[in-house]
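Visitor: Compact mmCIF, C-alpha atoms, saved as my_file32.txt, coming up:
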```txt
# COMPACT_ATOMS: atom_id res chain seq x y z
CA MET H 29 145.80 37.39 80.86
CA HIS H 30 149.55 36.88 80.68
CA THR H 31 151.34 36.97 77.37
CA ARG H 32 154.69 35.34 76.73
CA GLU H 33 156.21 38.83 76.65
CA SER H 34 154.80 39.85 80.02
CA ILE H 35 155.96 36.57 81.53
CA LEU H 36 159.48 37.19 80.25
CA VAL H 37 159.46 40.69 81.73
CA TYR H 38 158.36 39.27 85.09
CA LEU H 39 160.98 36.54 84.86
CA LYS H 40 163.74 39.07 84.15
CA SER H 41 163.00 41.07 87.27
CA ALA H 42 162.39 37.99 89.43
CA MET H 43 165.63 36.32 88.37
CA SER H 44 167.74 39.42 88.78
CA GLU H 45 166.27 39.90 92.24
CA LEU H 46 166.72 36.28 93.30
CA PHE H 47 169.96 35.23 91.64
CA GLU H 48 171.92 38.41 91.03
CA VAL H 49 171.89 37.87 87.25
CA LYS H 50 171.69 40.80 84.84
CA GLU H 51 168.26 41.35 83.31
CA GLU H 52 169.75 41.61 79.84
CA ASP H 53 171.20 38.11 80.24
CA VAL H 54 167.74 36.64 80.84
CA VAL H 55 166.85 35.96 77.21
CA LEU H 56 164.72 33.16 75.80
CA ASP H 57 167.58 30.94 74.68
CA ALA H 58 169.75 31.42 77.80
CA ARG H 59 170.35 28.07 79.48
CA LEU H 60 169.51 28.16 83.18
CA TYR H 61 172.37 26.08 84.50
CA GLU H 62 175.15 26.70 82.00
CA ASP H 63 174.58 30.37 81.21
CA LEU H 64 172.83 31.75 84.27
CA ASP H 65 174.30 29.54 87.01
CA ILE H 66 170.93 28.53 88.40
CA ASP H 67 170.90 25.15 90.11
CA SER H 68 168.15 22.86 91.33
CA ILE H 69 168.05 24.55 94.73
CA ASP H 70 167.62 27.95 93.11
CA ALA H 71 164.80 26.48 91.05
CA VAL H 72 162.81 25.93 94.23
CA ASP H 73 162.98 29.66 95.00
CA LEU H 74 162.12 30.50 91.42
CA ILE H 75 159.02 28.33 91.50
CA VAL H 76 157.89 30.02 94.72
CA LYS H 77 158.36 33.36 93.00
CA LEU H 78 156.42 32.24 89.93
CA LYS H 79 153.52 31.28 92.14
CA GLU H 80 153.10 34.97 92.91
CA LEU H 81 152.53 35.58 89.21
CA THR H 82 150.13 32.78 88.42
CA ASN H 83 148.41 32.71 91.82
CA LYS H 84 148.38 28.99 91.40
CA LYS H 85 150.08 26.10 93.02
CA ILE H 86 152.84 25.02 90.70
CA GLN H 87 153.79 21.39 90.41
CA PRO H 88 157.59 21.28 90.39
CA LEU H 89 157.13 18.29 88.07
CA LYS H 90 156.01 20.63 85.30
CA PHE H 91 159.42 22.24 85.49
CA ARG H 92 161.36 19.03 85.38
CA ASN H 93 162.37 19.29 81.76
CA VAL H 94 162.95 23.00 81.80
CA ARG H 95 166.40 23.87 80.45
CA THR H 96 166.21 27.43 79.11
CA VAL H 97 164.51 30.67 80.02
CA GLY H 98 162.22 30.07 77.02
CA ASP H 99 161.15 26.73 78.53
CA VAL H 100 160.21 28.49 81.78
CA VAL H 101 158.20 31.09 79.87
CA ASP H 102 156.36 28.33 77.99
CA ALA H 103 155.65 26.37 81.16
CA VAL H 104 154.28 29.42 82.95
CA TYR H 105 152.27 30.41 79.86
CA GLU H 106 150.66 26.97 79.68
CA LEU H 107 149.83 27.13 83.37
CA ALA H 108 148.32 30.58 83.08
CA LYS H 109 146.28 29.46 80.07
CA GLU H 110 144.97 26.41 81.88
CA GLU H 111 144.04 28.63 84.78
CA SER H 112 142.15 31.14 82.66
CA GLU H 113 140.33 28.41 80.71
CA HIS H 114 139.47 26.82 84.01
CA GLY H 115 138.22 30.21 85.24
CA GLU H 116 136.10 30.65 82.10
CA SER H 117 134.48 27.27 82.42
CA ASN H 118 133.71 28.00 86.07
CA LYS H 119 131.92 31.15 85.05
CA ASN H 120 129.78 29.20 82.61
CA MET O 26 238.08 23.75 94.00
CA HIS O 27 234.89 25.77 93.66
CA ALA O 28 234.44 24.55 90.12
CA VAL O 29 234.77 20.96 91.30
CA SER O 30 232.30 21.32 94.16
CA GLY O 31 229.96 23.19 91.80
CA ARG O 32 230.07 20.33 89.34
CA PHE O 33 229.65 17.82 92.18
CA ASN O 34 226.59 19.70 93.42
CA ARG O 35 225.12 19.73 89.95
CA LEU O 36 225.72 16.00 89.71
CA LEU O 37 223.99 15.45 93.06
CA THR O 38 221.08 17.62 91.98
CA GLY O 39 220.88 15.61 88.77
CA ILE O 40 220.88 12.29 90.61
CA ASN O 41 218.30 13.57 93.06
CA TYR O 42 216.10 14.73 90.18
CA LEU O 43 216.40 11.38 88.42
CA TRP O 44 215.61 9.51 91.63
CA ARG O 45 212.55 11.64 92.26
CA LEU O 46 211.38 11.06 88.70
CA ILE O 47 211.64 7.30 89.19
CA ALA O 48 210.02 7.52 92.63
CA THR O 49 207.19 9.63 91.18
CA GLY O 50 206.51 6.95 88.60
CA LEU O 51 206.73 4.36 91.35
CA SER O 52 204.19 6.27 93.47
CA PHE O 53 201.69 6.25 90.64
CA VAL O 54 202.24 2.51 90.16
CA LEU O 55 201.88 1.96 93.90
CA PHE O 56 198.61 3.89 93.91
CA GLY O 57 197.30 1.74 91.08
CA VAL O 58 198.46 -1.49 92.70
CA GLY O 59 196.73 -0.41 95.92
CA GLY O 60 193.51 0.16 94.02
CA VAL O 61 193.69 -3.23 92.34
CA PHE O 62 194.59 -4.96 95.61
CA ILE O 63 191.53 -3.48 97.29
CA SER O 64 189.33 -4.41 94.33
CA ILE O 65 190.40 -8.02 93.83
CA VAL O 66 191.54 -9.09 97.30
CA LEU O 67 189.98 -7.00 100.06
CA ILE O 68 186.52 -6.43 98.61
CA PRO O 69 185.88 -10.15 97.89
CA LEU O 70 187.18 -11.02 101.37
CA PHE O 71 184.98 -8.39 102.98
CA CYS O 72 181.98 -9.84 101.17
CA LEU O 73 182.32 -12.88 103.40
CA ILE O 74 181.94 -10.81 106.56
CA PRO O 75 178.29 -10.55 107.59
CA LEU O 76 178.07 -6.79 108.21
CA GLY O 77 175.68 -4.16 106.93
CA ARG O 78 176.67 -2.02 103.97
CA GLN O 79 176.98 1.10 106.11
CA LYS O 80 179.31 -0.54 108.64
CA LYS O 81 181.46 -1.81 105.81
CA CYS O 82 181.68 1.67 104.29
CA VAL O 83 182.96 2.97 107.62
CA ILE O 84 185.58 0.21 107.75
CA TYR O 85 186.71 0.99 104.20
CA GLN O 86 186.88 4.70 105.01
CA CYS O 87 189.12 3.97 108.02
CA LEU O 88 191.20 1.59 105.94
CA LEU O 89 191.72 4.14 103.16
CA SER O 90 192.78 6.68 105.78
CA LEU O 91 195.46 4.26 107.03
CA LEU O 92 196.61 3.37 103.51
CA PHE O 93 196.84 7.02 102.49
CA ARG O 94 198.80 7.78 105.65
CA ALA O 95 201.26 5.06 104.65
CA TYR O 96 201.30 6.33 101.07
CA ILE O 97 202.20 9.85 102.16
CA GLY O 98 204.82 8.36 104.48
CA PHE O 99 206.30 6.56 101.49
CA MET O 100 206.44 9.74 99.44
CA LYS O 101 208.03 11.68 102.29
CA LEU O 102 210.56 8.93 102.96
CA SER O 103 211.58 8.72 99.31
CA GLY O 104 212.18 12.47 99.27
CA LEU O 105 209.31 13.22 96.89
CA LEU O 106 207.73 15.83 99.11
CA THR O 107 207.79 17.46 102.51
CA TYR O 108 204.79 18.68 104.43
CA GLU O 109 203.60 20.38 107.57
CA VAL O 110 200.18 20.24 109.16
CA ASN O 111 199.06 23.10 111.40
CA GLY O 112 196.02 22.96 113.66
CA ARG O 113 195.57 19.22 113.51
CA ALA O 114 193.65 19.25 116.80
CA LEU O 115 190.87 21.15 115.01
CA LEU O 116 190.20 18.06 112.93
CA LYS O 117 189.68 15.54 115.70
CA ASN O 118 185.92 15.66 116.10
CA LYS O 119 183.44 13.34 114.45
CA GLY O 120 181.04 14.56 111.82
CA GLN O 121 182.97 17.61 110.66
CA LEU O 122 182.20 19.33 107.39
CA VAL O 123 185.68 19.83 105.98
CA ILE O 124 186.01 22.24 103.09
CA ALA O 125 189.32 22.70 101.31
CA ASN O 126 190.83 24.37 98.29
CA HIS O 127 192.18 22.04 95.65
CA PRO O 128 195.59 22.91 94.17
CA THR O 129 196.95 19.41 93.50
CA LEU O 130 196.11 15.77 92.94
CA LEU O 131 197.29 14.90 96.46
CA ASP O 132 194.90 17.13 98.42
CA VAL O 133 192.30 14.46 98.85
CA VAL O 134 195.00 11.95 99.80
CA PHE O 135 196.24 14.27 102.55
CA LEU O 136 192.77 15.01 103.88
CA ILE O 137 191.61 11.40 103.93
CA ALA O 138 194.89 10.51 105.67
CA LEU O 139 194.42 13.27 108.27
CA ILE O 140 190.84 12.33 109.16
CA PRO O 141 190.47 8.82 110.61
CA GLN O 142 187.05 8.28 109.04
CA ALA O 143 185.62 10.55 106.43
CA ASN O 144 183.18 10.47 103.59
CA CYS O 145 184.13 12.46 100.56
CA LEU O 146 182.41 14.12 97.64
CA VAL O 147 184.37 13.04 94.55
CA LYS O 148 183.95 13.45 90.85
CA GLU O 149 181.97 10.75 89.13
CA GLY O 150 184.80 10.14 86.63
CA LEU O 151 186.52 8.06 89.32
CA TRP O 152 183.75 5.47 89.03
CA ARG O 153 184.85 4.98 85.42
CA ASN O 154 188.50 4.49 86.38
CA PRO O 155 189.07 0.72 86.71
CA LEU O 156 191.76 1.23 89.37
CA LEU O 157 189.60 3.42 91.57
CA LEU O 158 186.09 2.08 90.95
CA GLY O 159 186.54 -0.60 93.66
CA PRO O 160 187.77 1.62 96.49
CA VAL O 161 185.47 4.60 95.85
CA SER O 162 182.34 2.48 95.69
CA ALA O 163 183.35 0.30 98.65
CA ALA O 164 183.93 3.38 100.81
CA GLY O 165 180.54 4.73 99.76
CA TYR O 166 181.95 8.07 98.62
CA ILE O 167 179.42 10.46 97.13
CA LYS O 168 179.39 11.09 93.37
CA ASN O 169 179.37 14.76 92.44
CA ASN O 170 176.68 14.25 89.79
CA SER O 171 174.36 12.20 91.96
CA LYS O 172 170.67 13.16 91.81
CA GLN O 173 170.41 12.90 95.59
CA LEU O 174 173.71 14.70 96.13
CA LEU O 175 172.46 17.08 98.79
CA GLU O 176 170.45 14.40 100.57
CA GLN O 177 173.44 12.03 100.63
CA CYS O 178 175.70 14.74 102.06
CA LEU O 179 173.18 15.61 104.77
CA LYS O 180 172.70 11.94 105.64
CA SER O 181 176.43 11.48 105.91
CA LEU O 182 176.73 14.37 108.38
CA ARG O 183 173.74 13.08 110.37
CA ARG O 184 175.54 9.75 110.73
CA GLU O 185 178.45 11.77 112.13
CA ASP O 186 180.78 10.82 109.32
CA SER O 187 183.09 13.70 108.54
CA LEU O 188 182.53 14.96 105.02
CA ILE O 189 185.21 16.38 102.73
CA ILE O 190 184.16 18.73 99.96
CA PHE O 191 186.31 20.64 97.49
CA PRO O 192 184.01 23.45 96.41
CA ALA O 193 186.31 24.46 93.56
CA GLY O 194 185.16 21.20 91.98
CA THR O 195 188.44 20.69 90.22
CA ARG O 196 192.09 21.48 90.81
CA ASP O 197 192.59 25.21 90.97
CA HIS O 198 196.30 25.85 91.06
CA GLY O 199 197.62 28.64 88.93
CA ALA O 200 194.41 30.62 89.17
CA ARG O 201 194.68 34.03 90.75
CA SER O 202 191.20 33.90 92.15
CA LEU O 203 188.93 31.13 93.33
CA VAL O 204 185.55 30.21 91.95
CA PHE O 205 183.60 27.90 94.23
CA LEU O 206 180.49 25.96 93.30
CA ARG O 207 177.57 26.50 95.65
CA GLY O 208 177.07 22.86 96.64
CA ALA O 209 179.30 23.04 99.71
CA ALA O 210 177.51 26.17 100.95
CA ASN O 211 174.14 24.52 100.36
CA VAL O 212 175.18 21.47 102.38
CA ALA O 213 176.36 23.66 105.27
CA LEU O 214 173.18 25.77 105.20
CA PHE O 215 170.71 22.89 104.92
CA ALA O 216 172.50 20.94 107.65
CA GLY O 217 173.01 24.08 109.76
CA HIS O 218 176.53 22.74 110.16
CA ASP O 219 179.67 24.77 110.87
CA ILE O 220 182.49 24.55 108.33
CA THR O 221 186.01 23.41 109.17
CA PRO O 222 188.19 25.24 106.66
CA VAL O 223 191.40 23.65 105.43
CA ILE O 224 193.87 25.69 103.42
CA ILE O 225 196.26 23.71 101.26
CA CYS O 226 199.33 25.29 99.71
CA CYS O 227 201.95 23.52 97.66
CA VAL O 228 205.23 25.19 96.63
CA PRO O 229 206.52 24.68 94.02
CA GLN O 230 203.43 23.68 92.11
CA THR O 231 203.14 20.00 91.24
CA LEU O 232 200.48 17.54 90.08
CA SER O 233 198.25 20.37 89.05
CA LYS O 234 195.50 20.04 86.51
CA GLU O 235 197.72 21.35 83.71
CA GLY O 236 200.99 19.55 84.45
CA LYS O 237 202.05 16.08 83.28
CA TRP O 238 203.06 13.61 85.97
CA TYR O 239 206.69 13.42 84.78
CA LYS O 240 207.14 17.19 84.79
CA ILE O 241 208.32 17.25 88.39
CA PRO O 242 209.62 20.48 89.97
CA LYS O 243 213.36 21.08 90.41
CA THR O 244 213.06 20.86 94.17
CA PRO O 245 210.65 18.59 96.06
CA PRO O 246 207.29 20.29 96.69
CA HIS O 247 206.45 21.40 100.21
CA PHE O 248 202.82 21.03 101.29
CA ILE O 249 201.43 23.29 103.98
CA ILE O 250 198.08 22.20 105.36
CA ASN O 251 196.48 24.72 107.68
CA ILE O 252 193.37 23.73 109.55
CA LEU O 253 191.59 26.85 110.80
CA PRO O 254 188.90 27.34 113.45
CA ASP O 255 185.34 26.58 112.31
CA ILE O 256 183.38 29.10 110.28
CA LYS O 257 180.05 29.48 112.12
CA ILE O 258 176.99 28.94 109.99
CA GLN O 259 174.40 30.51 112.30
CA PRO O 260 175.06 34.16 111.26
CA PHE O 261 174.28 33.20 107.65
CA LEU O 262 171.08 31.40 108.67
CA ASP O 263 170.07 34.34 110.85
CA THR O 264 169.75 36.59 107.80
CA GLY O 265 166.57 34.66 107.04
CA ALA O 266 167.17 35.13 103.33
CA ARG O 267 166.01 32.68 100.68
CA GLN O 268 168.21 29.63 100.22
CA SER O 269 169.39 30.84 96.81
CA LYS O 270 170.56 34.14 98.29
CA MET O 271 172.13 32.64 101.40
CA SER O 272 174.11 30.11 99.43
CA ARG O 273 175.43 32.83 97.12
CA GLU O 274 176.44 34.94 100.09
CA LEU O 275 178.14 32.08 101.90
CA THR O 276 179.93 30.99 98.71
CA ALA O 277 181.21 34.52 98.09
CA TYR O 278 182.32 34.69 101.73
CA LEU O 279 184.16 31.38 101.41
CA GLU O 280 185.91 32.45 98.19
CA GLY O 281 187.16 35.59 99.94
CA PHE O 282 188.15 33.64 103.06
CA TYR O 283 190.21 31.09 101.12
CA GLU O 284 191.79 33.69 98.85
CA LYS O 285 192.85 35.72 101.88
CA ASN O 286 194.29 32.70 103.67
CA ILE O 287 196.06 31.28 100.64
CA GLY O 288 197.56 34.72 100.18
CA PHE O 289 196.32 35.67 96.71
```
How does the structure come out when it is put into structure tokens?
Guide:
Amino acid sequence: MHTRESILVYLKSAMSELFEVKEEDVVLDARLYEDLDIDSIDAVDLIVKLKELTNKKIQPLKFRNVRTVGDVVDAVYELAKEESEHGESNKN
Amino acid sequence: MHAVSGRFNRLLTGINYLWRLIATGLSFVLFGVGGVFISIVLIPLFCLIPLGRQKKCVIYQCLLSLLFRAYIGFMKLSGLLTYEVNGRALLKNKGQLVIANHPTLLDVVFLIALIPQANCLVKEGLWRNPLLLGPVSAAGYIKNNSKQLLEQCLKSLRREDSLIIFPAGTRDHGARSLVFLRGAANVALFAGHDITPVIICCVPQTLSKEGKWYKIPKTPPHFIINILPDIKIQPFLDTGARQSKMSRELTAYLEGFYEKNIGF
């Protein structure tokens, strides 16, 4: 099960690998476009990368209103939660 | 004798300066009048012609090229500026992706004048300028904040319109290094389209972002417009990297290329 903290750690390494940003700049209230210079085309690559974490198809629509790193963490957390709940109910 | 000729020269310089100040004002007025003329005379007339929107855009783009050529001719004739264009033959194909640095207000005027028919990525503020709203929308230029920005640029190249992009986004004169936005690189990479680089230099500086229109230089500015051989896009695509990485690499390459050729 992913926690918000573990998602942030993953995001730090993914974003520094993909976009040449410093890990210490990837903080919850950093704005993606203004502070980290990540545009809509970069977002496509980021979503692909996030898929590797959640093992789940990600609807880009869920990321439409994402503005900050914190928003991304929340969106991924919600997805992961849905997935695990879904998994639980399948087991039952 | 020397003192007299010295004073006479100063007087001539003074008169020349005053004339150029008046002519500068006049050029701005002329630009505005042109915009209004297009908006209230040409556009309504063109509405009567039964042609598709796309065909009309092409006609307006050609028309603006002619008008800008005349406008630059006027400024040259009135002694406001001098210019030289090197490598013009490199700009004669259709559907070129033309990328230029952006030191002055006149860069886009020069480029549109030099290319018989070109689309252009321009800042959306122009759509809020009553003098320019008519021409920019009639020519179908692409707004820099459009949601379908990339798609519109790619479509334009597919139609074999040339496309002018200033990746610095805004006028950059005075800076000692260039910072380009990645949009231009993304267009080139997605389209798999070579880049025709244009280097614009203007000495002494005029019509920059910081300067006021009436602060004209002591001597008329000289524009040098160098069109260089295409930058091939295939080597960047061949890296097979993710789009986000490729566009950063190409943008960094372009910044270095322009800095080197401007002579920073």
Visitor: Hey, what's within 6 Å of region 48-65 of chain H if we count all atoms listed in the file and toss same-chain stuff fewer than 6 positions away? As a list in words, please?
Guide: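 So, after excluding close chain neighbours, the residues are Lys40, Arg95, Thr96, Val97 and Gly98 of chain H.
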Visitor: Using all atoms listed in the file, which residue out of O:Ala138, O:Leu253, O:Leu214, O:Leu55 lies closest to chain H?
Guide: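 When distances to chain H are compared using all atoms listed in the file, the smallest one comes from O:Leu214.
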Visitor: Tell me as an mmCIF file with C-alpha atoms, in the frame of the given file which residues belonging to chain O come within 12 Å of chain H, counting only C-alpha atoms.
Guide:
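Result went into selection-v8.cif, see below:
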```
data_model
loop_
_atom_site.group_PDB
_atom_site.id
_atom_site.type_symbol
_atom_site.label_atom_id
_atom_site.label_comp_id
_atom_site.auth_asym_id
_atom_site.auth_seq_id
_atom_site.Cartn_x
_atom_site.Cartn_y
_atom_site.Cartn_z
ATOM 1 C CA LYS O 172 170.670 13.160 91.810
ATOM 2 C CA GLN O 173 170.410 12.900 95.590
ATOM 3 C CA LEU O 174 173.710 14.700 96.130
ATOM 4 C CA LEU O 175 172.460 17.080 98.790
ATOM 5 C CA GLU O 176 170.450 14.400 100.570
ATOM 6 C CA PHE O 205 183.600 27.900 94.230
ATOM 7 C CA LEU O 206 180.490 25.960 93.300
ATOM 8 C CA ARG O 207 177.570 26.500 95.650
ATOM 9 C CA GLY O 208 177.070 22.860 96.640
ATOM 10 C CA ALA O 210 177.510 26.170 100.950
ATOM 11 C CA ASN O 211 174.140 24.520 100.360
ATOM 12 C CA VAL O 212 175.180 21.470 102.380
ATOM 13 C CA LEU O 214 173.180 25.770 105.200
ATOM 14 C CA PHE O 215 170.710 22.890 104.920
ATOM 15 C CA ALA O 266 167.170 35.130 103.330
ATOM 16 C CA ARG O 267 166.010 32.680 100.680
ATOM 17 C CA GLN O 268 168.210 29.630 100.220
ATOM 18 C CA SER O 269 169.390 30.840 96.810
ATOM 19 C CA LYS O 270 170.560 34.140 98.290
ATOM 20 C CA MET O 271 172.130 32.640 101.400
ATOM 21 C CA SER O 272 174.110 30.110 99.430
ATOM 22 C CA ARG O 273 175.430 32.830 97.120
ATOM 23 C CA GLU O 274 176.440 34.940 100.090
#
```
Visitor: In terms of the shortest atom-to-atom distance over all atoms listed in the file, which of O:Gln142, O:Asn154, O:Thr264, O:Ser30 is closest to Ser187 (chain O)?
Guide: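 Checking each candidate against Ser187 (chain O), we get O:Gln142 as the closest.
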Visitor: For Leu107 (chain H), find every residue with an atom within 10 Å (counting only C-alpha atoms), except residues of its own chain fewer than 4 positions away, and show them as JSON, numbers by chain.
Guide: {"H": [82, 84, 85, 86, 87, 90, 101, 102, 103, 111, 112, 113]}
Visitor: Give me the residues within 9 Å of region 38-50 of chain O as a list in words, counting only C-alpha atoms and dropping any in the same chain fewer than 3 places off.
Guide: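 Once the nearby chain positions are removed, what remains is Phe33, Asn34, Arg35, Phe53, Val54, Leu55, Met100, Ser103, Gly104, Leu105, Trp238, Tyr239, Lys240, Ile241, Pro242, Lys243, Thr244 and Pro245 of chain O.
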Visitor: Of the residues O:His247, O:Lys285, O:Arg113, O:Lys119, which is the one nearest to Lys101 (chain O), using only C-alpha atoms?
Guide: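 Looking at the shortest contact to Lys101 (chain O), the residue is O:His247.
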Visitor: Give me the residues near Ile225 (chain O) as a list in words, where near means some atom within 8 Å (using all atoms listed in the file) and where sequence neighbours in that chain fewer than 4 positions away do not count.
Guide: Ala125, Asn126, His127, Pro128, Asp132, Phe248, Ile249, Ile250, Asn251 and Ile287 of chain O
